[in-house]
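Undergrad: So that we are looking at the same thing, I have put the structure below in structure tokens.
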Amino acid sequence: MATFLDFEKPIAELQARIDELRDTGAEGGVDIAAEVAKLQAKSDRLLKETFSKLTPWQKTQVARHPERPHFKHYVAGLFDEFIPLAGDRAFGDDQAIIGGFASFRGQRVLVMGHEKGDDTTSRLRHNFGMGKPEGYRKAVRLISLADRFNLPIVTLVDTSGAFPGLQAEERGQAEAIARSTEACLAAGVPFVSAVVGEGGSGGAVALASGNRVLMFEHAVYSVISPEGCASILWRTADKAADAAEAMKVTAQDLKALGVIDTIVPEPLGGAHRGPSAAIGALGDAIELALGELRGMDAAALRRERREKFLAMGRALS
């Protein structure tokens with residue numbers, strides 16, 4: 001059964017009526033095709049109208065939808081011969097951040113990203129996509145390997161933020177995030193990052209500091225979650241919608257500010273309503289971005305990346 005968000009209630013009611021009519025027709029042999037078609041057309045129009053004017057908070061809800069594709073789905077749909085690499089060679093293996101070598105449309109790459117999980121068991125195993133220090137140190141190791149073997153890097157970002165627990169802080173969470181960000185900026189190979197769901201805080205930036213930053217149409221990317229921002233500014237998470245508006249978390253706002261480079265379109269109603277189409281669109285955008293970087297030497301790639309991020313600071317200062 002499809003999961004509808006709060007603001008999709010009218011659509012959910014129409015869909016329930018359509019399902020009810022179909023069940024009635026199947027049981028009684030009644031021809032209800034015309035009525036179903038009429039209601040379906042109305043539902044489609046309402047869906048299109050709703051998603052054409054989403055607020056930043058509504059986009060945040062879409063970005064968090066439990067049925068959106070996750071890292072494992074993108075790997076299965078876009079990459080062949082994926083060979084996962086585990087561990088940071090210091091503490092352990094963090095399942096919130098997964099990466100390895102793969103083939104992408106005829107070329108070898110390193111692909112890495114956050115995995116949130118899609119049921120209770122897998123969400124716990126992957127810690128809801130919240131990386132720990134060993135995850136970001138694994139990222140540094142994999143980026144170094146890609147650099148050594150001259151392989152382009154593709155990262156898929158989908159996290160509410162790095163894990164904030166006491167043990168993570170004791171193991172050097174802030175330092176690990178900083179080292180991962182540094183490794184991204186220092187890589188001498190083409191580096192393409194894509195925000196596919198949530199891009200939260202340093203936990204996202206640590207994998208997203210690439211030459212090209214792509215972002216799904218209904219993804220969000222911010223320094224803190226709207227609820228966290230609201231709790232700090234207004235002392236209540238009830239102001240999350242106001243915080244989302246003020247922080248400019250949407251792909252459209254961030255493109256205008258120069259924080260991201262490309263907005264990747266989603267199927268009508270969000271990536272969860274058409275996963276195959278969304279995965280294909282992302283693959284096309286990644287291929288185009290890698291093509292733009294092909295032929296640039298290591299010094300040019302590092303210089304472009306540095307100038308890109310320094311320009312953000314100048315533009316926003």
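A note on labels: chains of the structure tokens are A, B, ... as shown, every chain counts residues from 1, and ligands are counted from 1 in their shown order.
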Report the residues of segment 8-151 of chain A whose backbone DSSP state falls under strand (DSSP E), written as a list in words.
TA: Asp80, Glu81, Phe82, Ile83, Pro84, Ile97, Ile98, Gly99, Gly100, Phe101, Ala102, Ser103, Phe104, Gln107, Arg108, Val109, Leu110, Val111, Met112, Gly113 and His114 of chain A
Undergrad: Find the spatial neighbours of segment 59-73 of chain A, counting only C-alpha atoms, within a cut-off of 9 Å - ignore same-chain residues fewer than 2 positions away - and output them as a ChimeraX atom specification.
TA: /A:2-6,51,54-57,75-78,98,112-119,156-158,160,196-198,216-220,226,244,249-250,269-273,275-276,278-279
Undergrad: For the atom pair atom CA of Gly228 of chain A and atom CA of Thr159 of chain A, what is the interatomic distance in Å to one decimal place?
TA: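 Answer for the atom CA of Gly228 of chain A to atom CA of Thr159 of chain A separation: 14.3 Å.
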Undergrad: Run DSSP on the backbone and grab whatever in segment 47-224 of chain A lands in alpha helix (DSSP H); send it over as a ChimeraX atom specification.
TA: /A:47-51,56-63,71-78,120-125,133-148,166-170,173-186,201-208
Undergrad: For a quick check of understanding, using only C-alpha atoms, which of A:Leu290, A:Ala187, A:Ala237, A:Ala90 has the smallest distance to Arg303 of chain A?
TA: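 Comparing A:Leu290, A:Ala187, A:Ala237, A:Ala90 against Arg303 of chain A, the winner is A:Ala187.
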Undergrad: Residues at most 12 Å from Arg179 of chain A, counting only C-alpha atoms, excluding those fewer than 5 positions away in the same chain, as a PDB file with all heavy atoms, in the first residue's frame?
TA:
ATOM      1  N   PRO A 133      32.343   8.122  12.928  1.00  0.00           N
ATOM      2  CA  PRO A 133      33.711   8.477  12.507  1.00  0.00           C
ATOM      3  C   PRO A 133      34.360   7.430  11.605  1.00  0.00           C
ATOM      4  O   PRO A 133      35.017   7.763  10.608  1.00  0.00           O
ATOM      5  CB  PRO A 133      34.465   8.605  13.836  1.00  0.00           C
ATOM      6  CG  PRO A 133      33.418   9.023  14.806  1.00  0.00           C
ATOM      7  CD  PRO A 133      32.170   8.305  14.386  1.00  0.00           C
ATOM      8  N   GLU A 134      34.145   6.152  11.915  1.00  0.00           N
ATOM      9  CA  GLU A 134      34.750   5.105  11.090  1.00  0.00           C
ATOM     10  C   GLU A 134      34.174   5.106   9.675  1.00  0.00           C
ATOM     11  O   GLU A 134      34.842   4.672   8.725  1.00  0.00           O
ATOM     12  CB  GLU A 134      34.578   3.735  11.742  1.00  0.00           C
ATOM     13  CG  GLU A 134      33.166   3.390  12.151  1.00  0.00           C
ATOM     14  CD  GLU A 134      32.826   3.809  13.574  1.00  0.00           C
ATOM     15  OE1 GLU A 134      33.462   4.769  14.084  1.00  0.00           O
ATOM     16  OE2 GLU A 134      31.924   3.190  14.175  1.00  0.00           O
ATOM     17  N   GLY A 135      32.934   5.598   9.511  1.00  0.00           N
ATOM     18  CA  GLY A 135      32.352   5.701   8.175  1.00  0.00           C
ATOM     19  C   GLY A 135      33.048   6.771   7.354  1.00  0.00           C
ATOM     20  O   GLY A 135      33.366   6.565   6.174  1.00  0.00           O
ATOM     21  N   TYR A 136      33.312   7.914   7.964  1.00  0.00           N
ATOM     22  CA  TYR A 136      33.973   8.991   7.241  1.00  0.00           C
ATOM     23  C   TYR A 136      35.458   8.697   7.030  1.00  0.00           C
ATOM     24  O   TYR A 136      36.043   9.119   6.027  1.00  0.00           O
ATOM     25  CB  TYR A 136      33.746  10.328   7.968  1.00  0.00           C
ATOM     26  CG  TYR A 136      32.282  10.707   7.906  1.00  0.00           C
ATOM     27  CD1 TYR A 136      31.452  10.572   9.009  1.00  0.00           C
ATOM     28  CD2 TYR A 136      31.726  11.127   6.703  1.00  0.00           C
ATOM     29  CE1 TYR A 136      30.100  10.865   8.923  1.00  0.00           C
ATOM     30  CE2 TYR A 136      30.375  11.434   6.606  1.00  0.00           C
ATOM     31  CZ  TYR A 136      29.567  11.290   7.711  1.00  0.00           C
ATOM     32  OH  TYR A 136      28.229  11.564   7.606  1.00  0.00           O
ATOM     33  N   ARG A 137      36.052   7.926   7.941  1.00  0.00           N
ATOM     34  CA  ARG A 137      37.443   7.507   7.716  1.00  0.00           C
ATOM     35  C   ARG A 137      37.514   6.452   6.616  1.00  0.00           C
ATOM     36  O   ARG A 137      38.497   6.381   5.878  1.00  0.00           O
ATOM     37  CB  ARG A 137      38.053   7.008   9.026  1.00  0.00           C
ATOM     38  CG  ARG A 137      38.242   8.153  10.027  1.00  0.00           C
ATOM     39  CD  ARG A 137      38.899   7.751  11.326  1.00  0.00           C
ATOM     40  NE  ARG A 137      39.088   8.945  12.148  1.00  0.00           N
ATOM     41  CZ  ARG A 137      38.610   9.101  13.383  1.00  0.00           C
ATOM     42  NH1 ARG A 137      37.940   8.136  13.967  1.00  0.00           N
ATOM     43  NH2 ARG A 137      38.809  10.234  14.039  1.00  0.00           N
ATOM     44  N   LYS A 138      36.478   5.635   6.518  1.00  0.00           N
ATOM     45  CA  LYS A 138      36.395   4.713   5.376  1.00  0.00           C
ATOM     46  C   LYS A 138      36.288   5.508   4.080  1.00  0.00           C
ATOM     47  O   LYS A 138      36.919   5.154   3.073  1.00  0.00           O
ATOM     48  CB  LYS A 138      35.189   3.784   5.525  1.00  0.00           C
ATOM     49  CG  LYS A 138      34.952   2.882   4.312  1.00  0.00           C
ATOM     50  CD  LYS A 138      33.955   1.765   4.598  1.00  0.00           C
ATOM     51  CE  LYS A 138      32.570   2.264   4.842  1.00  0.00           C
ATOM     52  NZ  LYS A 138      31.587   1.147   4.983  1.00  0.00           N
ATOM     53  N   ALA A 139      35.505   6.577   4.104  1.00  0.00           N
ATOM     54  CA  ALA A 139      35.369   7.417   2.909  1.00  0.00           C
ATOM     55  C   ALA A 139      36.720   7.984   2.486  1.00  0.00           C
ATOM     56  O   ALA A 139      37.052   7.999   1.293  1.00  0.00           O
ATOM     57  CB  ALA A 139      34.373   8.553   3.178  1.00  0.00           C
ATOM     58  N   VAL A 140      37.509   8.434   3.444  1.00  0.00           N
ATOM     59  CA  VAL A 140      38.850   8.955   3.133  1.00  0.00           C
ATOM     60  C   VAL A 140      39.689   7.864   2.479  1.00  0.00           C
ATOM     61  O   VAL A 140      40.398   8.102   1.478  1.00  0.00           O
ATOM     62  CB  VAL A 140      39.538   9.472   4.413  1.00  0.00           C
ATOM     63  CG1 VAL A 140      40.999   9.823   4.136  1.00  0.00           C
ATOM     64  CG2 VAL A 140      38.799  10.676   4.970  1.00  0.00           C
ATOM     65  N   ARG A 141      39.627   6.657   3.008  1.00  0.00           N
ATOM     66  CA  ARG A 141      40.399   5.535   2.455  1.00  0.00           C
ATOM     67  C   ARG A 141      39.988   5.231   1.021  1.00  0.00           C
ATOM     68  O   ARG A 141      40.833   5.025   0.141  1.00  0.00           O
ATOM     69  CB  ARG A 141      40.217   4.301   3.335  1.00  0.00           C
ATOM     70  CG  ARG A 141      41.069   3.115   2.929  1.00  0.00           C
ATOM     71  CD  ARG A 141      40.983   1.985   3.944  1.00  0.00           C
ATOM     72  NE  ARG A 141      39.730   1.264   3.884  1.00  0.00           N
ATOM     73  CZ  ARG A 141      39.481   0.264   3.041  1.00  0.00           C
ATOM     74  NH1 ARG A 141      40.411  -0.109   2.159  1.00  0.00           N
ATOM     75  NH2 ARG A 141      38.330  -0.371   3.065  1.00  0.00           N
ATOM     76  N   ILE A 143      38.433   7.263  -1.145  1.00  0.00           N
ATOM     77  CA  ILE A 143      38.796   8.374  -2.028  1.00  0.00           C
ATOM     78  C   ILE A 143      40.281   8.291  -2.393  1.00  0.00           C
ATOM     79  O   ILE A 143      40.676   8.512  -3.542  1.00  0.00           O
ATOM     80  CB  ILE A 143      38.465   9.729  -1.364  1.00  0.00           C
ATOM     81  CG1 ILE A 143      36.943   9.903  -1.259  1.00  0.00           C
ATOM     82  CG2 ILE A 143      39.077  10.893  -2.145  1.00  0.00           C
ATOM     83  CD1 ILE A 143      36.511  11.056  -0.379  1.00  0.00           C
ATOM     84  N   SER A 144      41.106   7.915  -1.402  1.00  0.00           N
ATOM     85  CA  SER A 144      42.543   7.753  -1.660  1.00  0.00           C
ATOM     86  C   SER A 144      42.797   6.639  -2.673  1.00  0.00           C
ATOM     87  O   SER A 144      43.652   6.775  -3.566  1.00  0.00           O
ATOM     88  CB  SER A 144      43.264   7.459  -0.348  1.00  0.00           C
ATOM     89  OG  SER A 144      44.634   7.199  -0.570  1.00  0.00           O
ATOM     90  N   GLY A 172      36.090  10.952  17.680  1.00  0.00           N
ATOM     91  CA  GLY A 172      36.565  12.046  16.819  1.00  0.00           C
ATOM     92  C   GLY A 172      35.678  12.331  15.628  1.00  0.00           C
ATOM     93  O   GLY A 172      36.177  12.463  14.503  1.00  0.00           O
ATOM     94  N   GLN A 173      34.376  12.485  15.861  1.00  0.00           N
ATOM     95  CA  GLN A 173      33.440  12.698  14.761  1.00  0.00           C
ATOM     96  C   GLN A 173      33.775  13.947  13.937  1.00  0.00           C
ATOM     97  O   GLN A 173      33.844  13.891  12.712  1.00  0.00           O
ATOM     98  CB  GLN A 173      32.007  12.815  15.321  1.00  0.00           C
ATOM     99  CG  GLN A 173      30.914  12.986  14.289  1.00  0.00           C
ATOM    100  CD  GLN A 173      30.648  11.734  13.493  1.00  0.00           C
ATOM    101  OE1 GLN A 173      31.492  11.318  12.677  1.00  0.00           O
ATOM    102  NE2 GLN A 173      29.502  11.115  13.708  1.00  0.00           N
ATOM    103  N   ALA A 174      33.995  15.062  14.611  1.00  0.00           N
ATOM    104  CA  ALA A 174      34.251  16.316  13.890  1.00  0.00           C
ATOM    105  C   ALA A 174      35.519  16.218  13.045  1.00  0.00           C
ATOM    106  O   ALA A 174      35.555  16.666  11.889  1.00  0.00           O
ATOM    107  CB  ALA A 174      34.352  17.480  14.882  1.00  0.00           C
ATOM    108  N   CYS A 184      37.831  14.945  -0.214  1.00  0.00           N
ATOM    109  CA  CYS A 184      37.021  15.273  -1.399  1.00  0.00           C
ATOM    110  C   CYS A 184      37.648  16.415  -2.190  1.00  0.00           C
ATOM    111  O   CYS A 184      37.787  16.348  -3.416  1.00  0.00           O
ATOM    112  CB  CYS A 184      35.599  15.661  -0.993  1.00  0.00           C
ATOM    113  SG  CYS A 184      34.586  14.338  -0.313  1.00  0.00           S
ATOM    114  N   LEU A 185      38.018  17.461  -1.483  1.00  0.00           N
ATOM    115  CA  LEU A 185      38.558  18.650  -2.140  1.00  0.00           C
ATOM    116  C   LEU A 185      39.935  18.394  -2.746  1.00  0.00           C
ATOM    117  O   LEU A 185      40.328  19.050  -3.715  1.00  0.00           O
ATOM    118  CB  LEU A 185      38.631  19.801  -1.136  1.00  0.00           C
ATOM    119  CG  LEU A 185      37.286  20.320  -0.622  1.00  0.00           C
ATOM    120  CD1 LEU A 185      37.490  21.317   0.515  1.00  0.00           C
ATOM    121  CD2 LEU A 185      36.482  20.956  -1.746  1.00  0.00           C
ATOM    122  N   ALA A 186      40.676  17.434  -2.180  1.00  0.00           N
ATOM    123  CA  ALA A 186      42.043  17.177  -2.641  1.00  0.00           C
ATOM    124  C   ALA A 186      42.121  16.113  -3.732  1.00  0.00           C
ATOM    125  O   ALA A 186      43.189  15.917  -4.323  1.00  0.00           O
ATOM    126  CB  ALA A 186      42.916  16.758  -1.460  1.00  0.00           C
ATOM    127  N   GLY A 202      27.249  18.632   8.149  1.00  0.00           N
ATOM    128  CA  GLY A 202      28.575  18.169   7.758  1.00  0.00           C
ATOM    129  C   GLY A 202      28.588  16.719   7.335  1.00  0.00           C
ATOM    130  O   GLY A 202      29.446  16.302   6.562  1.00  0.00           O
ATOM    131  N   GLY A 203      27.615  15.945   7.839  1.00  0.00           N
ATOM    132  CA  GLY A 203      27.516  14.556   7.435  1.00  0.00           C
ATOM    133  C   GLY A 203      27.271  14.402   5.953  1.00  0.00           C
ATOM    134  O   GLY A 203      27.648  13.387   5.352  1.00  0.00           O
ATOM    135  N   VAL A 205      28.077  17.176   3.639  1.00  0.00           N
ATOM    136  CA  VAL A 205      29.173  17.891   2.977  1.00  0.00           C
ATOM    137  C   VAL A 205      30.415  17.008   2.875  1.00  0.00           C
ATOM    138  O   VAL A 205      31.165  17.080   1.900  1.00  0.00           O
ATOM    139  CB  VAL A 205      29.505  19.195   3.739  1.00  0.00           C
ATOM    140  CG1 VAL A 205      30.752  19.868   3.164  1.00  0.00           C
ATOM    141  CG2 VAL A 205      28.329  20.158   3.676  1.00  0.00           C
ATOM    142  N   ALA A 206      30.620  16.136   3.856  1.00  0.00           N
ATOM    143  CA  ALA A 206      31.797  15.274   3.882  1.00  0.00           C
ATOM    144  C   ALA A 206      31.866  14.334   2.688  1.00  0.00           C
ATOM    145  O   ALA A 206      32.936  13.817   2.366  1.00  0.00           O
ATOM    146  CB  ALA A 206      31.825  14.462   5.176  1.00  0.00           C
ATOM    147  N   LEU A 207      30.739  14.098   2.010  1.00  0.00           N
ATOM    148  CA  LEU A 207      30.732  13.287   0.793  1.00  0.00           C
ATOM    149  C   LEU A 207      30.315  14.086  -0.430  1.00  0.00           C
ATOM    150  O   LEU A 207      30.274  13.541  -1.531  1.00  0.00           O
ATOM    151  CB  LEU A 207      29.781  12.090   0.948  1.00  0.00           C
ATOM    152  CG  LEU A 207      30.088  11.038   2.012  1.00  0.00           C
ATOM    153  CD1 LEU A 207      29.137   9.855   1.850  1.00  0.00           C
ATOM    154  CD2 LEU A 207      31.521  10.576   1.967  1.00  0.00           C
ATOM    155  N   SER A 209      31.521  17.283  -1.516  1.00  0.00           N
ATOM    156  CA  SER A 209      32.382  18.379  -1.967  1.00  0.00           C
ATOM    157  C   SER A 209      33.050  18.022  -3.291  1.00  0.00           C
ATOM    158  O   SER A 209      34.277  17.878  -3.390  1.00  0.00           O
ATOM    159  CB  SER A 209      33.428  18.701  -0.889  1.00  0.00           C
ATOM    160  OG  SER A 209      32.795  19.069   0.313  1.00  0.00           O
TER     161      SER A 209
END
Undergrad: For atom CA of Pro10 of chain A and atom CA of Ala251 of chain A, determine how far apart the two atoms are, in Å to one decimal place.
TA: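 Taking atom CA of Pro10 of chain A and atom CA of Ala251 of chain A, their separation equals 25.8 Å.
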Undergrad: Pick the closest to Leu46 of chain A from A:Asp242, A:Gln58, A:Gly87, A:Leu268: which is it, counting only C-alpha atoms?
TA: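 Answer, going by the shortest atom-to-atom distance: A:Leu268.
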Undergrad: Would you pick out the contacts of Thr262 of chain A at 8 Å or less, using only C-alpha atoms, so that residues sharing its chain but fewer than 5 positions from it are not included, and give the list as an mmCIF file with all heavy atoms, in the first residue's frame?
TA:
data_model
loop_
_atom_site.group_PDB
_atom_site.id
_atom_site.type_symbol
_atom_site.label_atom_id
_atom_site.label_comp_id
_atom_site.auth_asym_id
_atom_site.auth_seq_id
_atom_site.Cartn_x
_atom_site.Cartn_y
_atom_site.Cartn_z
ATOM 1 N N ARG A 212 31.110 18.622 -9.399
ATOM 2 C CA ARG A 212 29.721 18.863 -9.783
ATOM 3 C C ARG A 212 28.824 18.334 -8.681
ATOM 4 O O ARG A 212 28.979 17.197 -8.234
ATOM 5 C CB ARG A 212 29.375 18.161 -11.100
ATOM 6 C CG ARG A 212 30.169 18.632 -12.296
ATOM 7 C CD ARG A 212 29.735 20.019 -12.762
ATOM 8 N NE ARG A 212 30.449 20.408 -13.971
ATOM 9 C CZ ARG A 212 31.649 20.986 -13.995
ATOM 10 N NH1 ARG A 212 32.274 21.215 -12.843
ATOM 11 N NH2 ARG A 212 32.222 21.316 -15.131
ATOM 12 N N VAL A 213 27.880 19.153 -8.261
ATOM 13 C CA VAL A 213 26.919 18.732 -7.240
ATOM 14 C C VAL A 213 25.535 18.734 -7.870
ATOM 15 O O VAL A 213 25.030 19.788 -8.276
ATOM 16 C CB VAL A 213 26.961 19.648 -6.006
ATOM 17 C CG1 VAL A 213 25.944 19.164 -4.961
ATOM 18 C CG2 VAL A 213 28.354 19.687 -5.402
ATOM 19 N N LEU A 214 24.946 17.551 -7.979
ATOM 20 C CA LEU A 214 23.610 17.385 -8.533
ATOM 21 C C LEU A 214 22.619 17.263 -7.378
ATOM 22 O O LEU A 214 22.990 16.894 -6.267
ATOM 23 C CB LEU A 214 23.536 16.121 -9.393
ATOM 24 C CG LEU A 214 24.734 15.808 -10.307
ATOM 25 C CD1 LEU A 214 24.506 14.492 -11.028
ATOM 26 C CD2 LEU A 214 24.957 16.948 -11.296
ATOM 27 N N MET A 215 21.360 17.531 -7.661
ATOM 28 C CA MET A 215 20.356 17.447 -6.596
ATOM 29 C C MET A 215 19.006 17.143 -7.207
ATOM 30 O O MET A 215 18.594 17.777 -8.182
ATOM 31 C CB MET A 215 20.319 18.765 -5.820
ATOM 32 C CG MET A 215 19.478 18.737 -4.566
ATOM 33 S SD MET A 215 19.777 20.242 -3.588
ATOM 34 C CE MET A 215 18.480 20.091 -2.359
ATOM 35 N N LYS A 255 20.230 26.161 -6.241
ATOM 36 C CA LYS A 255 20.735 26.401 -7.607
ATOM 37 C C LYS A 255 20.908 27.895 -7.831
ATOM 38 O O LYS A 255 21.923 28.350 -8.395
ATOM 39 C CB LYS A 255 19.760 25.808 -8.634
ATOM 40 C CG LYS A 255 20.153 26.036 -10.097
ATOM 41 C CD LYS A 255 21.362 25.190 -10.464
ATOM 42 C CE LYS A 255 21.530 25.091 -11.982
ATOM 43 N NZ LYS A 255 21.773 26.389 -12.643
#
Undergrad: Atom CA of Gly161 of chain A and atom CA of Gly199 of chain A are how many Å apart?
TA: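 Straight-line distance from atom CA of Gly161 of chain A to atom CA of Gly199 of chain A works out to 7.4 Å.
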Undergrad: Here is a test: counting only C-alpha atoms, which residue of A:Thr181, A:Asn150, A:Gln107, A:Thr236 is nearest to Glu287 of chain A?
TA: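 Closest to Glu287 of chain A of all the choices is A:Gln107.
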Undergrad: Which residue is closest to Ile260 of chain A? Choose from A:Gly280, A:Ser222, A:Ala241, A:Arg148 and count only C-alpha atoms.
TA: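 Closest candidate: A:Ser222.
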Undergrad: Check the smallest atom-to-atom distance from each of A:Ala168, A:Leu145, A:Val109, A:Leu257 to Lys132 of chain A using only C-alpha atoms, then report the winner.
TA: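 Result for the nearest residue to Lys132 of chain A: A:Ala168.
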Undergrad: So that I can check the surroundings of Ile11 of chain A, please list as a list in words every protein, DNA and RNA residue that reaches within 7 Å of it, counting only C-alpha atoms and ignoring chain neighbours fewer than 4 positions away.
TA: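 So, after excluding close chain neighbours, the residues are Gln15, Ser43, Leu46 and Leu47 of chain A.
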Undergrad: For Ala102 of chain A, which residue out of A:Ile286, A:Ala86, A:Val223, A:Leu151 is the nearest one, using only C-alpha atoms?
TA: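 Checking each candidate against Ala102 of chain A, we get A:Leu151 as the closest.
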